[in-house]
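What follows is the content of model.cif (mmCIF, C-alpha atoms (C1' of nucleotides)).
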```cif
data_query
#
loop_
_atom_site.label_atom_id
_atom_site.label_comp_id
_atom_site.auth_asym_id
_atom_site.auth_seq_id
_atom_site.Cartn_x
_atom_site.Cartn_y
_atom_site.Cartn_z
CA MET A 1 -71.37 -122.45 254.35
CA PRO A 2 -72.92 -120.40 251.56
CA GLU A 3 -71.81 -120.70 247.96
CA ILE A 4 -72.52 -117.08 247.07
CA PRO A 5 -72.00 -113.95 249.16
CA ASP A 6 -75.32 -112.69 250.50
CA PRO A 7 -75.43 -109.03 249.39
CA ILE A 8 -74.52 -110.08 245.85
CA LYS A 9 -77.11 -112.82 245.88
CA GLU A 10 -79.82 -110.39 246.92
CA GLN A 11 -78.93 -107.76 244.36
CA CYS A 12 -78.72 -110.48 241.75
CA LEU A 13 -82.14 -111.87 242.63
CA SER A 14 -83.64 -108.39 242.40
CA LYS A 15 -82.54 -108.32 238.76
CA GLY A 16 -84.10 -111.66 237.96
CA GLY A 17 -81.19 -113.88 238.98
CA ILE A 18 -78.41 -114.90 236.67
CA GLU A 19 -80.76 -115.06 233.70
CA GLY A 20 -81.90 -111.53 234.46
CA ILE A 21 -78.37 -110.20 234.29
CA VAL A 22 -77.45 -112.27 231.24
CA ALA A 23 -80.48 -110.74 229.54
CA LEU A 24 -79.04 -107.26 230.11
CA ILE A 25 -75.73 -108.09 228.41
CA PRO A 26 -75.63 -106.89 224.78
CA SER A 27 -76.36 -109.48 222.10
CA ASP A 28 -73.63 -111.66 220.62
CA GLN A 29 -74.09 -109.83 217.36
CA ASP A 30 -73.45 -106.46 219.02
CA ILE A 31 -70.46 -107.81 220.85
CA ASP A 32 -68.95 -109.45 217.77
CA HIS A 33 -69.36 -106.27 215.83
CA ARG A 34 -67.55 -104.26 218.48
CA SER A 35 -64.86 -106.95 218.64
CA LEU A 36 -64.09 -106.30 215.01
CA VAL A 37 -63.54 -102.63 215.79
CA PHE A 38 -61.45 -103.34 218.89
CA ARG A 39 -59.28 -105.87 217.11
CA ALA A 40 -58.69 -103.31 214.39
CA LEU A 41 -57.59 -100.71 216.92
CA ALA A 42 -55.60 -103.11 219.06
CA GLU A 43 -52.58 -102.83 216.77
CA PRO A 44 -50.54 -99.63 217.29
CA MET A 45 -49.79 -99.36 213.58
CA ARG A 46 -53.48 -99.22 212.77
CA GLN A 47 -54.20 -96.58 215.37
CA LYS A 48 -51.47 -94.50 213.77
CA ILE A 49 -53.02 -94.92 210.36
CA LEU A 50 -56.45 -93.91 211.62
CA PHE A 51 -55.14 -90.87 213.47
CA ALA A 52 -53.09 -89.77 210.47
CA LEU A 53 -56.13 -90.04 208.20
CA VAL A 54 -58.20 -88.02 210.64
CA GLU A 55 -55.70 -85.20 210.11
CA GLN A 56 -56.08 -85.45 206.36
CA PRO A 57 -56.88 -87.96 203.61
CA LEU A 58 -53.73 -89.65 202.33
CA CYS A 59 -52.69 -91.93 199.51
CA ALA A 60 -51.14 -95.29 200.30
CA CYS A 61 -47.79 -94.01 199.06
CA LEU A 62 -47.66 -91.25 201.68
CA LEU A 63 -48.85 -93.54 204.46
CA LYS A 64 -46.14 -95.96 203.49
CA GLU A 65 -43.49 -93.28 203.70
CA MET A 66 -44.92 -91.92 206.94
CA LEU A 67 -44.95 -95.28 208.69
CA ALA A 68 -41.85 -96.71 207.02
CA ILE A 69 -43.37 -100.08 206.24
CA SER A 70 -43.62 -102.35 203.21
CA ASP A 71 -46.42 -102.18 200.65
CA SER A 72 -47.89 -105.51 201.60
CA LYS A 73 -47.81 -104.74 205.29
CA LEU A 74 -49.59 -101.46 204.74
CA SER A 75 -52.13 -103.16 202.52
CA TYR A 76 -52.78 -105.77 205.20
CA HIS A 77 -53.40 -103.18 207.92
CA LEU A 78 -55.56 -101.05 205.65
CA SER A 79 -57.71 -104.07 204.86
CA ILE A 80 -58.33 -104.71 208.56
CA LEU A 81 -59.35 -101.09 209.07
CA LYS A 82 -61.61 -101.27 206.03
CA ASP A 83 -63.25 -104.48 207.26
CA ALA A 84 -64.01 -102.74 210.54
CA GLU A 85 -65.50 -99.87 208.51
CA LEU A 86 -63.20 -97.35 210.13
CA ILE A 87 -61.68 -96.12 206.86
CA LYS A 88 -62.52 -96.19 203.20
CA GLY A 89 -60.44 -95.87 200.02
CA LYS A 90 -61.43 -93.88 196.98
CA LYS A 91 -59.71 -94.20 193.66
CA GLU A 92 -58.47 -90.87 192.28
CA GLY A 93 -56.35 -91.07 189.14
CA SER A 94 -53.57 -93.59 189.71
CA TRP A 95 -53.94 -93.56 193.48
CA ILE A 96 -56.24 -94.71 196.18
CA ILE A 97 -56.91 -91.99 198.68
CA TYR A 98 -57.82 -93.24 202.13
CA GLN A 99 -59.91 -91.40 204.66
CA PRO A 100 -61.84 -92.25 207.81
CA THR A 101 -65.49 -93.21 207.48
CA LYS A 102 -68.02 -91.29 209.54
CA LYS A 103 -67.84 -94.07 212.09
CA GLY A 104 -64.03 -94.01 211.97
CA ASN A 105 -64.03 -90.31 212.64
CA SER A 106 -66.37 -90.42 215.58
CA ILE A 107 -64.59 -93.39 217.12
CA ALA A 108 -61.26 -91.62 216.71
CA MET A 109 -62.72 -88.71 218.67
CA LEU A 110 -64.18 -90.90 221.42
CA ILE A 111 -61.03 -92.91 222.06
CA GLN A 112 -58.89 -89.88 222.76
CA ASP A 113 -59.98 -90.17 226.40
CA PHE A 114 -59.41 -93.92 226.77
CA MET B 1 -45.60 -88.32 186.03
CA PRO B 2 -46.10 -87.29 189.67
CA GLU B 3 -45.50 -89.61 192.59
CA ILE B 4 -48.13 -88.04 194.85
CA PRO B 5 -51.55 -86.70 193.92
CA ASP B 6 -51.53 -82.92 193.85
CA PRO B 7 -54.41 -81.91 196.14
CA ILE B 8 -53.09 -84.26 198.82
CA LYS B 9 -49.60 -82.94 198.42
CA GLU B 10 -50.76 -79.37 198.89
CA GLN B 11 -52.86 -80.10 201.95
CA CYS B 12 -50.00 -82.10 203.35
CA LEU B 13 -47.50 -79.31 202.79
CA SER B 14 -49.81 -76.85 204.54
CA LYS B 15 -49.54 -79.03 207.65
CA GLY B 16 -45.77 -79.10 207.57
CA GLY B 17 -45.34 -82.06 205.24
CA ILE B 18 -45.12 -85.65 206.37
CA GLU B 19 -43.27 -84.64 209.53
CA GLY B 20 -46.02 -82.18 210.31
CA ILE B 21 -48.69 -84.86 210.17
CA VAL B 22 -46.60 -87.41 212.03
CA ALA B 23 -46.24 -84.80 214.77
CA LEU B 24 -50.03 -84.68 215.14
CA ILE B 25 -50.36 -88.44 215.68
CA PRO B 26 -50.65 -89.34 219.40
CA SER B 27 -47.45 -90.49 221.11
CA ASP B 28 -46.40 -94.15 221.12
CA GLN B 29 -47.07 -94.20 224.84
CA ASP B 30 -50.66 -93.04 224.34
CA ILE B 31 -51.17 -95.50 221.55
CA ASP B 32 -49.72 -98.43 223.47
CA HIS B 33 -51.88 -97.63 226.44
CA ARG B 34 -55.01 -97.61 224.31
CA SER B 35 -53.87 -100.85 222.66
CA LEU B 36 -53.98 -102.53 226.03
CA VAL B 37 -57.59 -101.46 226.45
CA PHE B 38 -58.54 -102.48 222.91
CA ARG B 39 -56.88 -105.87 223.21
CA ALA B 40 -58.80 -106.40 226.43
CA LEU B 41 -62.11 -105.59 224.75
CA ALA B 42 -61.33 -107.44 221.53
CA GLU B 43 -62.38 -110.74 223.03
CA PRO B 44 -66.18 -111.23 223.18
CA MET B 45 -65.95 -113.08 226.48
CA ARG B 46 -64.29 -110.09 228.10
CA GLN B 47 -66.86 -107.66 226.79
CA LYS B 48 -69.52 -109.89 228.34
CA ILE B 49 -67.72 -109.85 231.66
CA LEU B 50 -67.39 -106.07 231.64
CA PHE B 51 -71.03 -105.51 230.68
CA ALA B 52 -72.22 -107.97 233.33
CA LEU B 53 -70.18 -106.19 236.00
CA VAL B 54 -71.57 -102.84 234.93
CA GLU B 55 -75.00 -104.23 235.80
CA GLN B 56 -73.80 -105.28 239.22
CA PRO B 57 -70.67 -106.41 241.07
CA LEU B 58 -70.29 -110.19 240.94
CA CYS B 59 -68.14 -112.86 242.52
CA ALA B 60 -66.05 -115.12 240.31
CA CYS B 61 -68.36 -118.01 241.10
CA LEU B 62 -71.39 -116.26 239.60
CA LEU B 63 -69.47 -115.05 236.56
CA LYS B 64 -68.32 -118.59 235.99
CA GLU B 65 -71.88 -119.91 236.09
CA MET B 66 -73.13 -117.05 233.94
CA LEU B 67 -70.55 -117.59 231.21
CA ALA B 68 -70.28 -121.37 231.54
CA ILE B 69 -66.49 -121.46 231.45
CA SER B 70 -63.74 -123.09 233.50
CA ASP B 71 -62.13 -121.48 236.52
CA SER B 72 -58.77 -121.01 234.87
CA LYS B 73 -60.29 -119.54 231.74
CA LEU B 74 -62.28 -117.04 233.77
CA SER B 75 -59.22 -116.19 235.81
CA TYR B 76 -57.23 -115.60 232.63
CA HIS B 77 -59.80 -113.22 231.15
CA LEU B 78 -60.25 -111.39 234.45
CA SER B 79 -56.50 -110.84 234.64
CA ILE B 80 -56.48 -109.24 231.18
CA LEU B 81 -59.31 -106.91 232.17
CA LYS B 82 -57.50 -106.06 235.41
CA ASP B 83 -54.25 -105.32 233.57
CA ALA B 84 -56.15 -102.91 231.34
CA GLU B 85 -57.57 -101.33 234.51
CA LEU B 86 -61.13 -101.89 233.37
CA ILE B 87 -62.16 -103.93 236.41
CA LYS B 88 -60.94 -104.49 239.94
CA GLY B 89 -61.45 -107.28 242.47
CA LYS B 90 -62.08 -106.79 246.15
CA LYS B 91 -61.83 -109.56 248.67
CA GLU B 92 -64.96 -109.96 250.80
CA GLY B 93 -65.02 -112.93 253.13
CA SER B 94 -64.18 -116.05 251.09
CA TRP B 95 -64.87 -114.42 247.76
CA ILE B 96 -63.44 -111.88 245.42
CA ILE B 97 -66.07 -109.48 244.21
CA TYR B 98 -65.33 -107.93 240.84
CA GLN B 99 -66.57 -104.59 239.62
CA PRO B 100 -65.67 -102.09 236.91
CA THR B 101 -63.18 -99.36 237.71
CA LYS B 102 -64.21 -95.78 237.07
CA LYS B 103 -62.41 -96.03 233.75
CA GLY B 104 -64.09 -99.38 233.01
CA ASN B 105 -67.47 -97.86 233.67
CA SER B 106 -67.00 -94.84 231.47
CA ILE B 107 -65.50 -96.89 228.65
CA ALA B 108 -68.41 -99.33 228.86
CA MET B 109 -70.76 -96.38 228.39
CA LEU B 110 -68.80 -94.91 225.48
CA ILE B 111 -68.55 -98.13 223.49
CA GLN B 112 -72.29 -98.71 223.40
CA ASP B 113 -72.37 -96.58 220.23
CA PHE B 114 -69.42 -98.26 218.48
"C1'" DT C 1 -52.91 -129.72 261.82
"C1'" DT C 2 -55.76 -131.14 258.10
"C1'" DG C 3 -59.10 -130.31 254.91
"C1'" DT C 4 -61.84 -127.44 252.06
"C1'" DG C 5 -63.50 -123.94 248.84
"C1'" DG C 6 -62.25 -120.32 245.91
"C1'" DT C 7 -58.89 -118.62 243.00
"C1'" DT C 8 -54.42 -118.37 240.53
"C1'" DT C 9 -50.42 -120.23 238.22
"C1'" DC C 10 -48.11 -123.13 235.10
"C1'" DA C 11 -46.54 -125.45 230.91
"C1'" DA C 12 -47.95 -127.50 226.75
"C1'" DA C 13 -51.09 -127.51 222.91
"C1'" DA C 14 -54.10 -125.14 219.80
"C1'" DA C 15 -55.73 -121.27 217.47
"C1'" DG C 16 -55.11 -116.79 215.58
"C1'" DA C 17 -52.66 -112.64 213.99
"C1'" DT C 18 -48.78 -110.53 211.74
"C1'" DT C 19 -44.74 -110.41 208.80
"C1'" DT C 20 -42.24 -111.48 204.69
"C1'" DG C 21 -41.02 -111.47 199.92
"C1'" DA C 22 -42.50 -112.95 195.63
"C1'" DA C 23 -46.03 -113.10 192.30
"C1'" DA C 24 -50.39 -111.30 190.53
"C1'" DT C 25 -53.69 -107.62 189.30
"C1'" DG C 26 -55.43 -103.70 187.07
"C1'" DG C 27 -55.27 -99.32 185.07
"C1'" DT C 28 -52.57 -95.93 182.18
"C1'" DG C 29 -49.61 -93.99 178.95
"C1'" DA C 30 -45.90 -94.87 175.35
"C1'" DT D 1 -49.36 -104.12 172.42
"C1'" DC D 2 -46.02 -103.39 176.10
"C1'" DA D 3 -44.07 -101.62 180.11
"C1'" DC D 4 -44.86 -99.42 184.26
"C1'" DC D 5 -46.77 -97.95 188.64
"C1'" DA D 6 -49.68 -98.49 192.66
"C1'" DT D 7 -51.78 -101.79 195.11
"C1'" DT D 8 -53.32 -106.51 196.46
"C1'" DT D 9 -52.89 -111.40 197.05
"C1'" DC D 10 -50.62 -115.50 198.41
"C1'" DA D 11 -48.27 -119.07 201.14
"C1'" DA D 12 -44.87 -119.87 204.48
"C1'" DA D 13 -42.64 -118.47 208.60
"C1'" DT D 14 -43.00 -116.22 212.90
"C1'" DC D 15 -45.07 -114.36 216.84
"C1'" DT D 16 -48.98 -113.70 220.11
"C1'" DT D 17 -53.04 -115.01 222.36
"C1'" DT D 18 -56.12 -118.36 224.10
"C1'" DT D 19 -57.34 -122.88 225.86
"C1'" DT D 20 -56.61 -126.89 228.71
"C1'" DG D 21 -56.06 -129.60 232.78
"C1'" DA D 22 -53.19 -130.31 236.56
"C1'" DA D 23 -50.91 -128.45 240.38
"C1'" DA D 24 -50.25 -124.71 243.67
"C1'" DC D 25 -51.79 -121.16 246.72
"C1'" DC D 26 -54.29 -118.99 250.45
"C1'" DA D 27 -57.46 -118.02 254.10
"C1'" DC D 28 -60.29 -120.10 257.08
"C1'" DA D 29 -62.83 -123.65 259.80
"C1'" DA D 30 -63.00 -128.29 261.81
#
```
Please express what this file holds, its structure, as structure tokens.
Amino acid sequence: MPEIPDPIKEQCLSKGGIEGIVALIPSDQDIDHRSLVFRALAEPMRQKILFALVEQPLCACLLKEMLAISDSKLSYHLSILKDAELIKGKKEGSWIIYQPTKKGNSIAMLIQDF
Amino acid sequence: MPEIPDPIKEQCLSKGGIEGIVALIPSDQDIDHRSLVFRALAEPMRQKILFALVEQPLCACLLKEMLAISDSKLSYHLSILKDAELIKGKKEGSWIIYQPTKKGNSIAMLIQDF
DNA sequence: TTGTGGTTTCAAAAAGATTTGAAATGGTGA
DNA sequence: TCACCATTTCAAATCTTTTTGAAACCACAA
């Protein structure tokens, strides 16, 4: 009574066994970095913010109106997007204008097909 | 004393104002669907599972050994990946062999650059 | 049947993320 | 200086996700 199905075992051995496959998995650092991005995009509100900013840079005041949420809530979600390096804010006069980073832009394009 | 910075206001008006931009944001349905995928990939353990399965189909028993986690924990994470339609399980003899779906495969490729 | 191996379910506990409203910050103009 | 506006921070409350270990399930063989 085998403990592993045969065809899988064979294919697995041809890759150097379990260790061989584990070695092909991206590093923890890579994975943690992507996690940060995925957690940022996991919240619908934050996807909306990113997609709105891809259309055009916006100040917090317009985003707030657009999404109908409180200042502190918006600030919280913006900070998560900033930490994931998907957007950046630039001070202009009295306002902070947000826009996607290069990374934010390209990820926004890629995820259209998800 | 204006309430919105001028250049932003102009660009915004040229897109049909706030409503115009809101109309360009993907639908709630789209966004929620992507959220499911992002939540699934937000957890490092689940990224590892997906990347391992992209290398080769594996039974739960090998995944368990590879990741050094309990049965119920593995089962929980597999169910989240299945719900997001990133992987599927196929019964073969006594085992269930997991592998990425078509969608799981193509997303795994795309996110390498994230 | 009875047992066994592989997997899933369950409920409770623990950990983590989000929301809330109030208070703080920081720059700007009166 | 003072007041004001946009934005951020904070701590508490709430909500969601993950972990845990035990029990259940299911197909199959003895």
Mind running chain D against chain B at 9 Å and telling me each contacting residue's nearest atom pair with the distance in Å (one decimal), counting all atoms listed in the file, chain and number ascending, as a tab-separated table?
```
residue	atom	partner	partner_atom	distance
D:DT18	C1'	B:Lys73	CA	8.8
D:DT19	C1'	B:Lys73	CA	7.4
D:DT20	C1'	B:Lys73	CA	8.8
D:DA27	C1'	B:Ser94	CA	7.6
D:DC28	C1'	B:Ser94	CA	8.2
```
Subject >> Result set, the PyMOL selection byres ((chain B) within 9 of (chain A)) on current file, as number ranges by chain >> reply: B: 3-5, 8-9, 11-12, 18-19, 21-22, 24-26, 28, 30-45, 47-49, 51-52, 55-59, 61-63, 65-67, 92-95, 97, 103, 106-107, 110-114
**OP:** Find the residues in chain C near chain A: any atom within 10 Å counts, using all atoms listed in the file. Write them as a list in words.
**Re:**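 Taking all atoms listed in the file into account, DG5, DG6, DA17, DT18, DT19, DT20, DG21, DG27 and DT28 of chain C sit within 10 Å of chain A.
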**OP:** Report the distance between CA of Ser14 (chain B) and CA of Tyr98 (chain A) in Å, rounded to one decimal place.
**Re:**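 Distance between the two atoms: 18.4 Å.
For the pair CA of Ala84 (chain A) and CA of Asn105 (chain A), the interatomic distance is 12.6 Å.
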**OP:** Measure the distance from C1' of DG29 (chain C) to C1' of DA3 (chain D) in Å and round it to one decimal.
**Re:**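 Here the two named atoms are 9.5 Å from each other.
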What are the centre and the three edge lengths of an axis-aligned box that wraps all atoms of region 8-26 of chain D in the file, given that 4 Å is added to every side, written as AutoDock Vina command-line options and rounded to one decimal in Å?
```
--center_x -50.0 --center_y -118.4 --center_z 223.5 --size_x 22.7 --size_y 31.8 --size_z 62.0
```
**OP:** Please provide as a list in words all residues within 9 Å of DT9 (chain C), with the sequence filter that same-chain residues fewer than 4 positions apart are discarded (counting all atoms listed in the file).
**Re:**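 Near DT9 (chain C), the qualifying residues are DA23, DA24 and DC25 of chain D.
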Residues returned when the PyMOL selection byres ((chain C and resi 23) around 10) runs on this file, as a CSV table (one decimal) with C-alpha atoms (C1' of nucleotides), keeping the file's coordinate frame:
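Printed below is expr.csv as written:
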```csv
chain,number,residue,atom,x,y,z
C,21,DG,C1',-41.0,-111.5,199.9
C,22,DA,C1',-42.5,-113.0,195.6
C,24,DA,C1',-50.4,-111.3,190.5
C,25,DT,C1',-53.7,-107.6,189.3
D,9,DT,C1',-52.9,-111.4,197.0
D,10,DC,C1',-50.6,-115.5,198.4
```
Can you rebuild region 41-52 of chain B with all heavy atoms and give it as a tab-separated table (two decimals), in the frame of the given file?
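Wrote it out as out33.tsv, contents follow:
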```tsv
chain	number	residue	atom	x	y	z
B	41	LEU	N	-60.71	-105.57	225.18
B	41	LEU	CA	-62.11	-105.59	224.75
B	41	LEU	C	-62.31	-106.33	223.44
B	41	LEU	O	-63.45	-106.51	223.00
B	41	LEU	CB	-62.62	-104.15	224.63
B	41	LEU	CG	-62.68	-103.40	225.98
B	41	LEU	CD1	-62.98	-101.94	225.76
B	41	LEU	CD2	-63.72	-104.03	226.89
B	42	ALA	N	-61.24	-106.76	222.83
B	42	ALA	CA	-61.33	-107.44	221.53
B	42	ALA	C	-61.97	-108.82	221.67
B	42	ALA	O	-62.54	-109.33	220.72
B	42	ALA	CB	-59.96	-107.54	220.89
B	43	GLU	N	-61.86	-109.40	222.82
B	43	GLU	CA	-62.38	-110.74	223.03
B	43	GLU	C	-63.83	-110.67	223.53
B	43	GLU	O	-64.10	-110.08	224.58
B	43	GLU	CB	-61.50	-111.46	224.05
B	43	GLU	CG	-61.76	-112.96	224.17
B	43	GLU	CD	-61.43	-113.73	222.93
B	43	GLU	OE1	-60.70	-113.19	222.05
B	43	GLU	OE2	-61.91	-114.86	222.78
B	44	PRO	N	-64.77	-111.29	222.80
B	44	PRO	CA	-66.18	-111.23	223.18
B	44	PRO	C	-66.42	-111.60	224.64
B	44	PRO	O	-67.19	-110.93	225.34
B	44	PRO	CB	-66.83	-112.25	222.24
B	44	PRO	CG	-65.98	-112.21	221.01
B	44	PRO	CD	-64.58	-111.98	221.50
B	45	MET	N	-65.76	-112.65	225.09
B	45	MET	CA	-65.95	-113.08	226.48
B	45	MET	C	-65.67	-111.95	227.47
B	45	MET	O	-66.35	-111.79	228.47
B	45	MET	CB	-64.99	-114.25	226.76
B	45	MET	CG	-65.19	-114.93	228.09
B	45	MET	SD	-66.79	-115.76	228.19
B	45	MET	CE	-66.41	-117.34	227.39
B	46	ARG	N	-64.66	-111.16	227.16
B	46	ARG	CA	-64.29	-110.09	228.10
B	46	ARG	C	-65.25	-108.91	228.02
B	46	ARG	O	-65.49	-108.25	229.02
B	46	ARG	CB	-62.84	-109.66	227.85
B	46	ARG	CG	-61.85	-110.76	228.20
B	46	ARG	CD	-60.43	-110.28	228.31
B	46	ARG	NE	-59.84	-109.91	227.05
B	46	ARG	CZ	-59.03	-110.69	226.33
B	46	ARG	NH1	-58.71	-111.90	226.76
B	46	ARG	NH2	-58.53	-110.26	225.19
B	47	GLN	N	-65.82	-108.68	226.87
B	47	GLN	CA	-66.86	-107.66	226.79
B	47	GLN	C	-68.05	-108.09	227.64
B	47	GLN	O	-68.65	-107.30	228.36
B	47	GLN	CB	-67.32	-107.46	225.35
B	47	GLN	CG	-66.52	-106.45	224.57
B	47	GLN	CD	-67.15	-106.21	223.20
B	47	GLN	OE1	-68.28	-105.75	223.09
B	47	GLN	NE2	-66.42	-106.55	222.15
B	48	LYS	N	-68.39	-109.39	227.54
B	48	LYS	CA	-69.52	-109.89	228.34
B	48	LYS	C	-69.26	-109.68	229.82
B	48	LYS	O	-70.15	-109.27	230.56
B	48	LYS	CB	-69.74	-111.38	228.06
B	48	LYS	CG	-70.40	-111.64	226.73
B	48	LYS	CD	-70.79	-113.11	226.58
B	48	LYS	CE	-71.23	-113.38	225.15
B	48	LYS	NZ	-71.60	-114.77	224.90
B	49	ILE	N	-68.05	-110.01	230.24
B	49	ILE	CA	-67.72	-109.85	231.66
B	49	ILE	C	-67.88	-108.38	232.07
B	49	ILE	O	-68.52	-108.08	233.07
B	49	ILE	CB	-66.28	-110.33	231.95
B	49	ILE	CG1	-66.19	-111.84	231.73
B	49	ILE	CG2	-65.86	-109.96	233.36
B	49	ILE	CD1	-64.77	-112.42	231.84
B	50	LEU	N	-67.31	-107.49	231.29
B	50	LEU	CA	-67.39	-106.07	231.64
B	50	LEU	C	-68.85	-105.61	231.71
B	50	LEU	O	-69.26	-104.96	232.67
B	50	LEU	CB	-66.60	-105.21	230.66
B	50	LEU	CG	-66.65	-103.70	230.94
B	50	LEU	CD1	-66.04	-103.36	232.30
B	50	LEU	CD2	-65.94	-102.91	229.83
B	51	PHE	N	-69.63	-105.96	230.70
B	51	PHE	CA	-71.03	-105.51	230.68
B	51	PHE	C	-71.84	-106.12	231.83
B	51	PHE	O	-72.72	-105.46	232.39
B	51	PHE	CB	-71.69	-105.82	229.34
B	51	PHE	CG	-71.29	-104.86	228.24
B	51	PHE	CD1	-70.67	-105.31	227.09
B	51	PHE	CD2	-71.53	-103.49	228.37
B	51	PHE	CE1	-70.30	-104.42	226.07
B	51	PHE	CE2	-71.16	-102.60	227.36
B	51	PHE	CZ	-70.54	-103.06	226.22
B	52	ALA	N	-71.53	-107.36	232.18
B	52	ALA	CA	-72.22	-107.97	233.33
B	52	ALA	C	-71.88	-107.21	234.61
B	52	ALA	O	-72.75	-106.90	235.42
B	52	ALA	CB	-71.85	-109.44	233.45
```
